[in-house]
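Novice: My structure is stored as work.cif, with mmCIF, C-alpha atoms.
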data_start
#
loop_
_atom_site.group_PDB
_atom_site.id
_atom_site.type_symbol
_atom_site.label_atom_id
_atom_site.label_comp_id
_atom_site.auth_asym_id
_atom_site.auth_seq_id
_atom_site.Cartn_x
_atom_site.Cartn_y
_atom_site.Cartn_z
ATOM 1 C CA MET A 1 68.190 -3.339 10.808
ATOM 2 C CA GLY A 2 70.829 -1.415 12.642
ATOM 3 C CA GLU A 3 73.499 -1.558 15.260
ATOM 4 C CA TYR A 4 72.693 -2.706 18.762
ATOM 5 C CA ALA A 5 74.437 -3.410 22.036
ATOM 6 C CA ILE A 6 73.582 -6.820 23.489
ATOM 7 C CA GLU A 7 74.081 -5.231 26.934
ATOM 8 C CA SER A 8 71.155 -2.882 26.333
ATOM 9 C CA VAL A 9 68.978 -5.759 25.080
ATOM 10 C CA VAL A 10 69.700 -7.675 28.305
ATOM 11 C CA GLU A 11 69.144 -4.557 30.433
ATOM 12 C CA THR A 12 65.811 -3.742 28.748
ATOM 13 C CA VAL A 13 64.592 -7.283 29.352
ATOM 14 C CA ARG A 14 65.859 -7.300 32.939
ATOM 15 C CA SER A 15 64.026 -4.117 33.822
ATOM 16 C CA ALA A 16 60.854 -5.327 32.054
ATOM 17 C CA THR A 17 60.765 -8.670 33.906
ATOM 18 C CA GLU A 18 62.250 -7.787 37.293
ATOM 19 C CA SER A 19 58.890 -7.226 39.016
ATOM 20 C CA LEU A 20 57.489 -10.516 37.639
ATOM 21 C CA ALA A 21 60.448 -12.340 39.192
ATOM 22 C CA GLN A 22 60.105 -10.434 42.477
ATOM 23 C CA ASN A 23 56.385 -11.292 42.659
ATOM 24 C CA LYS A 24 57.336 -14.979 42.579
ATOM 25 C CA LYS A 25 60.302 -14.437 44.926
ATOM 26 C CA LEU A 26 62.721 -15.588 42.213
ATOM 27 C CA ALA A 27 66.214 -14.168 41.833
ATOM 28 C CA LEU A 28 66.696 -12.645 38.370
ATOM 29 C CA LYS A 29 70.419 -12.519 37.635
ATOM 30 C CA THR A 30 72.100 -11.067 34.572
ATOM 31 C CA GLU A 31 75.720 -11.545 33.636
ATOM 32 C CA VAL A 32 77.065 -9.713 30.593
ATOM 33 C CA ALA A 33 80.708 -10.026 29.541
ATOM 34 C CA LYS A 34 82.754 -6.814 29.569
ATOM 35 C CA SER A 35 83.345 -4.774 26.383
ATOM 36 C CA LEU A 36 81.191 -6.770 24.002
ATOM 37 C CA PRO A 37 81.249 -5.634 20.365
ATOM 38 C CA ILE A 38 78.352 -3.762 18.778
ATOM 39 C CA GLY A 39 76.063 -6.132 16.900
ATOM 40 C CA LEU A 40 74.295 -5.635 13.618
ATOM 41 C CA GLY A 41 70.671 -6.742 13.604
ATOM 42 C CA ASP A 42 67.140 -5.837 14.626
ATOM 43 C CA GLU A 43 67.424 -4.786 18.270
ATOM 44 C CA GLN A 44 63.667 -4.619 18.806
ATOM 45 C CA ARG A 45 63.072 -8.167 17.547
ATOM 46 C CA LEU A 46 66.030 -9.592 19.470
ATOM 47 C CA THR A 47 64.693 -7.881 22.589
ATOM 48 C CA GLN A 48 61.320 -9.591 21.917
ATOM 49 C CA VAL A 49 63.055 -12.981 21.696
ATOM 50 C CA LEU A 50 64.917 -12.517 24.978
ATOM 51 C CA LEU A 51 61.782 -11.131 26.635
ATOM 52 C CA ASN A 52 59.908 -14.263 25.572
ATOM 53 C CA LEU A 53 62.623 -16.585 26.923
ATOM 54 C CA VAL A 54 62.951 -14.757 30.252
ATOM 55 C CA GLY A 55 59.162 -14.413 30.578
ATOM 56 C CA ASN A 56 58.713 -18.161 30.031
ATOM 57 C CA ALA A 57 61.492 -18.975 32.488
ATOM 58 C CA ILE A 58 59.833 -16.859 35.183
ATOM 59 C CA LYS A 59 56.366 -18.227 34.375
ATOM 60 C CA PHE A 60 57.388 -21.887 34.706
ATOM 61 C CA THR A 61 59.811 -21.520 37.628
ATOM 62 C CA ASP A 62 58.290 -21.619 41.103
ATOM 63 C CA ALA A 63 61.455 -21.423 43.204
ATOM 64 C CA GLY A 64 65.086 -20.481 42.734
ATOM 65 C CA GLU A 65 66.376 -18.240 39.983
ATOM 66 C CA VAL A 66 66.430 -17.198 36.368
ATOM 67 C CA ARG A 67 69.871 -16.313 35.028
ATOM 68 C CA VAL A 68 70.632 -14.475 31.785
ATOM 69 C CA ASN A 69 74.160 -14.686 30.439
ATOM 70 C CA ALA A 70 75.637 -12.921 27.386
ATOM 71 C CA THR A 71 79.133 -13.300 26.004
ATOM 72 C CA THR A 72 80.894 -13.816 22.663
ATOM 73 C CA ALA A 73 82.412 -16.885 21.052
ATOM 74 C CA ASN A 74 83.639 -17.366 17.467
ATOM 75 C CA SER A 75 82.283 -14.021 16.164
ATOM 76 C CA HIS A 76 78.870 -14.812 17.650
ATOM 77 C CA PHE A 77 76.968 -13.546 20.643
ATOM 78 C CA ALA A 78 76.167 -16.450 22.954
ATOM 79 C CA VAL A 79 73.105 -15.694 25.063
ATOM 80 C CA SER A 80 71.534 -18.092 27.534
ATOM 81 C CA VAL A 81 68.515 -18.042 29.826
ATOM 82 C CA ALA A 82 68.727 -20.668 32.582
ATOM 83 C CA ASP A 83 66.031 -21.453 35.124
ATOM 84 C CA THR A 84 65.519 -23.750 38.104
ATOM 85 C CA GLY A 85 62.064 -24.795 36.876
ATOM 86 C CA PRO A 86 60.561 -28.254 36.339
ATOM 87 C CA GLY A 87 62.499 -28.999 33.139
ATOM 88 C CA ILE A 88 61.192 -30.093 29.737
ATOM 89 C CA PRO A 89 60.784 -33.781 28.879
ATOM 90 C CA GLU A 90 63.346 -34.910 26.301
ATOM 91 C CA GLU A 91 60.670 -35.937 23.797
ATOM 92 C CA HIS A 92 59.342 -32.363 23.738
ATOM 93 C CA GLN A 93 62.662 -30.497 23.528
ATOM 94 C CA ALA A 94 62.974 -30.485 19.733
ATOM 95 C CA ARG A 95 59.278 -29.776 19.168
ATOM 96 C CA ILE A 96 58.772 -26.796 21.489
ATOM 97 C CA PHE A 97 60.023 -24.501 18.726
ATOM 98 C CA GLU A 98 57.216 -25.618 16.387
ATOM 99 C CA GLN A 99 54.163 -23.417 16.060
ATOM 100 C CA PHE A 100 51.418 -24.312 18.520
ATOM 101 C CA HIS A 101 53.378 -27.135 20.154
ATOM 102 C CA GLN A 102 53.180 -26.863 23.873
ATOM 103 C CA VAL A 103 54.275 -29.379 26.432
ATOM 104 C CA ASP A 104 50.938 -30.915 27.352
ATOM 105 C CA SER A 105 50.846 -30.930 31.101
ATOM 106 C CA SER A 106 48.676 -29.568 33.841
ATOM 107 C CA ASN A 107 51.570 -27.243 34.727
ATOM 108 C CA THR A 108 51.549 -25.682 31.231
ATOM 109 C CA LYS A 109 47.770 -25.369 31.157
ATOM 110 C CA ALA A 110 47.732 -23.767 34.609
ATOM 111 C CA LYS A 111 50.325 -21.188 33.544
ATOM 112 C CA GLY A 112 48.608 -20.299 30.254
ATOM 113 C CA GLY A 113 50.204 -19.274 26.977
ATOM 114 C CA THR A 114 49.592 -19.507 23.265
ATOM 115 C CA GLY A 115 52.408 -21.841 22.268
ATOM 116 C CA LEU A 116 53.369 -19.358 19.551
ATOM 117 C CA GLY A 117 56.239 -17.568 21.295
ATOM 118 C CA LEU A 118 59.086 -20.020 20.739
ATOM 119 C CA ALA A 119 58.228 -20.583 17.059
ATOM 120 C CA ILE A 120 58.445 -16.838 16.461
ATOM 121 C CA ALA A 121 61.610 -16.601 18.570
ATOM 122 C CA LYS A 122 63.224 -19.299 16.418
ATOM 123 C CA GLN A 123 62.178 -17.529 13.219
ATOM 124 C CA ILE A 124 63.691 -14.214 14.384
ATOM 125 C CA VAL A 125 66.945 -15.873 15.477
ATOM 126 C CA GLU A 126 67.215 -17.721 12.143
ATOM 127 C CA MET A 127 66.497 -14.505 10.220
ATOM 128 C CA HIS A 128 69.644 -13.183 11.910
ATOM 129 C CA GLY A 129 71.594 -16.237 10.730
ATOM 130 C CA GLY A 130 71.671 -17.665 14.252
ATOM 131 C CA ARG A 131 70.323 -20.698 16.048
ATOM 132 C CA ILE A 132 68.367 -21.376 19.222
ATOM 133 C CA TRP A 133 68.038 -24.569 21.231
ATOM 134 C CA VAL A 134 67.222 -25.865 24.690
ATOM 135 C CA GLU A 135 69.067 -28.069 27.169
ATOM 136 C CA SER A 136 66.934 -29.403 29.988
ATOM 137 C CA THR A 137 66.966 -31.959 32.773
ATOM 138 C CA MET A 138 63.701 -32.945 34.411
ATOM 139 C CA GLY A 139 63.511 -31.605 37.950
ATOM 140 C CA GLN A 140 66.578 -29.401 37.488
ATOM 141 C CA GLY A 141 65.503 -26.718 35.044
ATOM 142 C CA SER A 142 66.096 -25.609 31.486
ATOM 143 C CA THR A 143 68.631 -23.485 29.641
ATOM 144 C CA PHE A 144 67.636 -21.835 26.382
ATOM 145 C CA ARG A 145 70.656 -20.898 24.290
ATOM 146 C CA MET A 146 71.008 -18.552 21.325
ATOM 147 C CA GLU A 147 73.958 -18.004 19.043
ATOM 148 C CA LEU A 148 73.756 -14.875 16.903
ATOM 149 C CA PRO A 149 76.357 -13.689 14.416
ATOM 150 C CA ILE A 150 77.649 -10.343 15.673
ATOM 151 C CA ARG A 151 77.432 -9.009 12.133
ATOM 152 C CA ALA A 152 74.165 -10.659 11.089
ATOM 153 C CA GLU A 153 73.296 -10.818 7.427
ATOM 154 C CA TYR A 154 69.662 -10.133 8.184
ATOM 155 C CA ARG A 155 67.339 -12.015 5.847
ATOM 156 C CA LYS A 156 63.760 -10.903 5.315
ATOM 157 C CA SER A 157 62.379 -14.419 5.629
ATOM 158 C CA ALA A 158 63.498 -17.452 7.553
ATOM 159 C CA PRO A 159 65.568 -19.998 5.578
#
What does this structure look like when you write it as structure tokens?

Specialist:
Amino acid sequence: MGEYAIESVVETVRSATESLAQNKKLALKTEVAKSLPIGLGDEQRLTQVLLNLVGNAIKFTDAGEVRVNATTANSHFAVSVADTGPGIPEEHQARIFEQFHQVDSSNTKAKGGTGLGLAIAKQIVEMHGGRIWVESTMGQGSTFRMELPIRAEYRKSAP
């Protein structure tokens, strides 16, 4: 655990996923608030979480854009990944963070994936004392949101 800049986490993920977005002719947009504080946490694991969210957004979006936004609110970082993909049915929204739960559709099967990513993402976010959730409207896309304490009391295991 150490100090990290959320800007560099977003930048690392942007540069790692830019070509994937370009291959699908998607706009990948990042918006990071000015002069954000330095966070305390595991930069590598938080980068993995954001990489997973952006990677999924690109994978399931066939047209439009993926937008990453980072700001602060109430001594937390607020990070969101929004896409213009197909959306996630309401009945699946709470369960997609469970291990091995995957929205069972031909779209998901065609795109591939293990179903493990979001469960691990949730565990990492919770180890930082934060929370992660999704807001989605069918046919309009999904927004995954994370709230992370800027000064995380990093716990070795999830609560």

Novice: So that I can check the surroundings of A:Val66, please list as a PDB file with C-alpha atoms, in the frame of the given file every protein, DNA and RNA residue that reaches within 9 Å of it, counting all atoms listed in the file and ignoring chain neighbours fewer than 4 positions away.

Specialist:
ATOM      1  CA  ALA A  21      60.448 -12.340  39.192  1.00  0.00           C
ATOM      2  CA  LEU A  26      62.721 -15.588  42.213  1.00  0.00           C
ATOM      3  CA  ALA A  27      66.214 -14.168  41.833  1.00  0.00           C
ATOM      4  CA  LEU A  28      66.696 -12.645  38.370  1.00  0.00           C
ATOM      5  CA  LYS A  29      70.419 -12.519  37.635  1.00  0.00           C
ATOM      6  CA  THR A  30      72.100 -11.067  34.572  1.00  0.00           C
ATOM      7  CA  VAL A  54      62.951 -14.757  30.252  1.00  0.00           C
ATOM      8  CA  ALA A  57      61.492 -18.975  32.488  1.00  0.00           C
ATOM      9  CA  ILE A  58      59.833 -16.859  35.183  1.00  0.00           C
ATOM     10  CA  THR A  61      59.811 -21.520  37.628  1.00  0.00           C
ATOM     11  CA  VAL A  81      68.515 -18.042  29.826  1.00  0.00           C
ATOM     12  CA  ALA A  82      68.727 -20.668  32.582  1.00  0.00           C
ATOM     13  CA  ASP A  83      66.031 -21.453  35.124  1.00  0.00           C
ATOM     14  CA  THR A  84      65.519 -23.750  38.104  1.00  0.00           C
ATOM     15  CA  GLY A  85      62.064 -24.795  36.876  1.00  0.00           C
TER      16      GLY A  85
END

Novice: Just checking: using all atoms listed in the file, which residue out of A:Leu50, A:Phe144, A:Gly139, A:Met127 ends up closest to A:Ile96?

Specialist: A:Phe144

Novice: For the file shown, report as an NGL selection string the outcome of the PyMOL selection byres ((chain A and resi 10) around 12) at residue level.

Specialist: :A and (4-9 or 11-18 or 28-33 or 43-44 or 46-51 or 53-54 or 67-71 or 79-81)

Novice: Using all atoms listed in the file, which protein or nucleic acid residues come within 7 Å of stretch 39-41 of chain A? Drop anything in the same chain fewer than 6 positions from it, and give the result as a VMD selection string.

Specialist: chain A and resid 1 to 5 128 150 to 152 154

Novice: Put those residues in a file: C-alpha atoms, as a PDB file, in the frame of the given file.

Specialist:
ATOM      1  CA  MET A   1      68.190  -3.339  10.808  1.00  0.00           C
ATOM      2  CA  GLY A   2      70.829  -1.415  12.642  1.00  0.00           C
ATOM      3  CA  GLU A   3      73.499  -1.558  15.260  1.00  0.00           C
ATOM      4  CA  TYR A   4      72.693  -2.706  18.762  1.00  0.00           C
ATOM      5  CA  ALA A   5      74.437  -3.410  22.036  1.00  0.00           C
ATOM      6  CA  HIS A 128      69.644 -13.183  11.910  1.00  0.00           C
ATOM      7  CA  ILE A 150      77.649 -10.343  15.673  1.00  0.00           C
ATOM      8  CA  ARG A 151      77.432  -9.009  12.133  1.00  0.00           C
ATOM      9  CA  ALA A 152      74.165 -10.659  11.089  1.00  0.00           C
ATOM     10  CA  TYR A 154      69.662 -10.133   8.184  1.00  0.00           C
TER      11      TYR A 154
END

Novice: Between A:Leu36, A:Ile120, A:Val134, A:Leu148, single out the one closest to A:Glu98, counting all atoms listed in the file.

Specialist: A:Ile120

Novice: Between A:Glu91, A:Gly55, A:Phe97, A:Pro86, which is the closest to A:Gly141 once you count only C-alpha atoms?

Specialist: A:Pro86

Novice: Closest to A:Gly130 among A:Leu118, A:Ala94, A:Ile38, A:Ala78, using all atoms listed in the file?

Specialist: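 The shortest atom-to-atom distance to A:Gly130 comes from A:Ala78.
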
Novice: Run the PyMOL selection byres ((chain A and resi 89) around 9) on the file and write out the hits as a PyMOL selection string.

Specialist: chain A and resi 87-88+90-93+103+136-138

Novice: Between A:Arg95, A:Phe77, A:Pro37, A:Leu20, which residue has the minimum interatomic distance to A:Asn56, considering only C-alpha atoms?

Specialist: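 Among the listed residues, the smallest separation from A:Asn56 belongs to A:Leu20.
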
Novice: So, counting all atoms listed in the file, which residue among A:Asn52, A:Gln99, A:Lys24, A:Met146 is closest to A:Thr72?

Specialist: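 The answer is A:Met146, which sits nearest to A:Thr72.
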
Novice: Rounded to one decimal in Å, what is the spacing between atom CA of A:Gly64 and atom CA of A:Lys25?

Specialist: 8.0 Å

Novice: Hey, can you check how far atom CA of A:Ser75 sits from atom CA of A:Ser35?

Specialist: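 Interatomic distance, atom CA of A:Ser75 to atom CA of A:Ser35: 13.8 Å.
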
Novice: Report the distance between atom CA of A:Ala119 and atom CA of A:Asn23 in Å, rounded to one decimal place.

Specialist: 27.3 Å

Novice: Any chance you could model N, CA and C atoms for stretch 90-101 of chain A and send them as an mmCIF file, in the coordinates of the input?

Specialist:
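Result file rebuild34.cif:
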data_model
loop_
_atom_site.group_PDB
_atom_site.id
_atom_site.type_symbol
_atom_site.label_atom_id
_atom_site.label_comp_id
_atom_site.auth_asym_id
_atom_site.auth_seq_id
_atom_site.Cartn_x
_atom_site.Cartn_y
_atom_site.Cartn_z
ATOM 1 N N GLU A 90 62.484 -34.799 27.475
ATOM 2 C CA GLU A 90 63.346 -34.910 26.301
ATOM 3 C C GLU A 90 62.562 -35.010 25.002
ATOM 4 N N GLU A 91 61.442 -35.745 25.030
ATOM 5 C CA GLU A 91 60.670 -35.937 23.797
ATOM 6 C C GLU A 91 60.023 -34.641 23.302
ATOM 7 N N HIS A 92 59.943 -33.637 24.150
ATOM 8 C CA HIS A 92 59.342 -32.363 23.738
ATOM 9 C C HIS A 92 60.382 -31.317 23.354
ATOM 10 N N GLN A 93 61.653 -31.546 23.688
ATOM 11 C CA GLN A 93 62.662 -30.497 23.528
ATOM 12 C C GLN A 93 62.836 -30.008 22.095
ATOM 13 N N ALA A 94 62.802 -30.907 21.125
ATOM 14 C CA ALA A 94 62.974 -30.485 19.733
ATOM 15 C C ALA A 94 61.702 -29.812 19.212
ATOM 16 N N ARG A 95 60.551 -30.232 19.724
ATOM 17 C CA ARG A 95 59.278 -29.776 19.168
ATOM 18 C C ARG A 95 58.768 -28.471 19.754
ATOM 19 N N ILE A 96 59.323 -28.012 20.872
ATOM 20 C CA ILE A 96 58.772 -26.796 21.489
ATOM 21 C C ILE A 96 58.971 -25.554 20.633
ATOM 22 N N PHE A 97 59.826 -25.650 19.607
ATOM 23 C CA PHE A 97 60.023 -24.501 18.726
ATOM 24 C C PHE A 97 59.068 -24.532 17.529
ATOM 25 N N GLU A 98 58.203 -25.549 17.460
ATOM 26 C CA GLU A 98 57.216 -25.618 16.387
ATOM 27 C C GLU A 98 56.007 -24.785 16.777
ATOM 28 N N GLN A 99 55.362 -24.201 15.772
ATOM 29 C CA GLN A 99 54.163 -23.417 16.060
ATOM 30 C C GLN A 99 53.120 -24.275 16.746
ATOM 31 N N PHE A 100 52.527 -23.715 17.779
ATOM 32 C CA PHE A 100 51.418 -24.312 18.520
ATOM 33 C C PHE A 100 51.761 -25.581 19.271
ATOM 34 N N HIS A 101 53.050 -25.974 19.328
ATOM 35 C CA HIS A 101 53.378 -27.135 20.154
ATOM 36 C C HIS A 101 53.635 -26.630 21.562
#
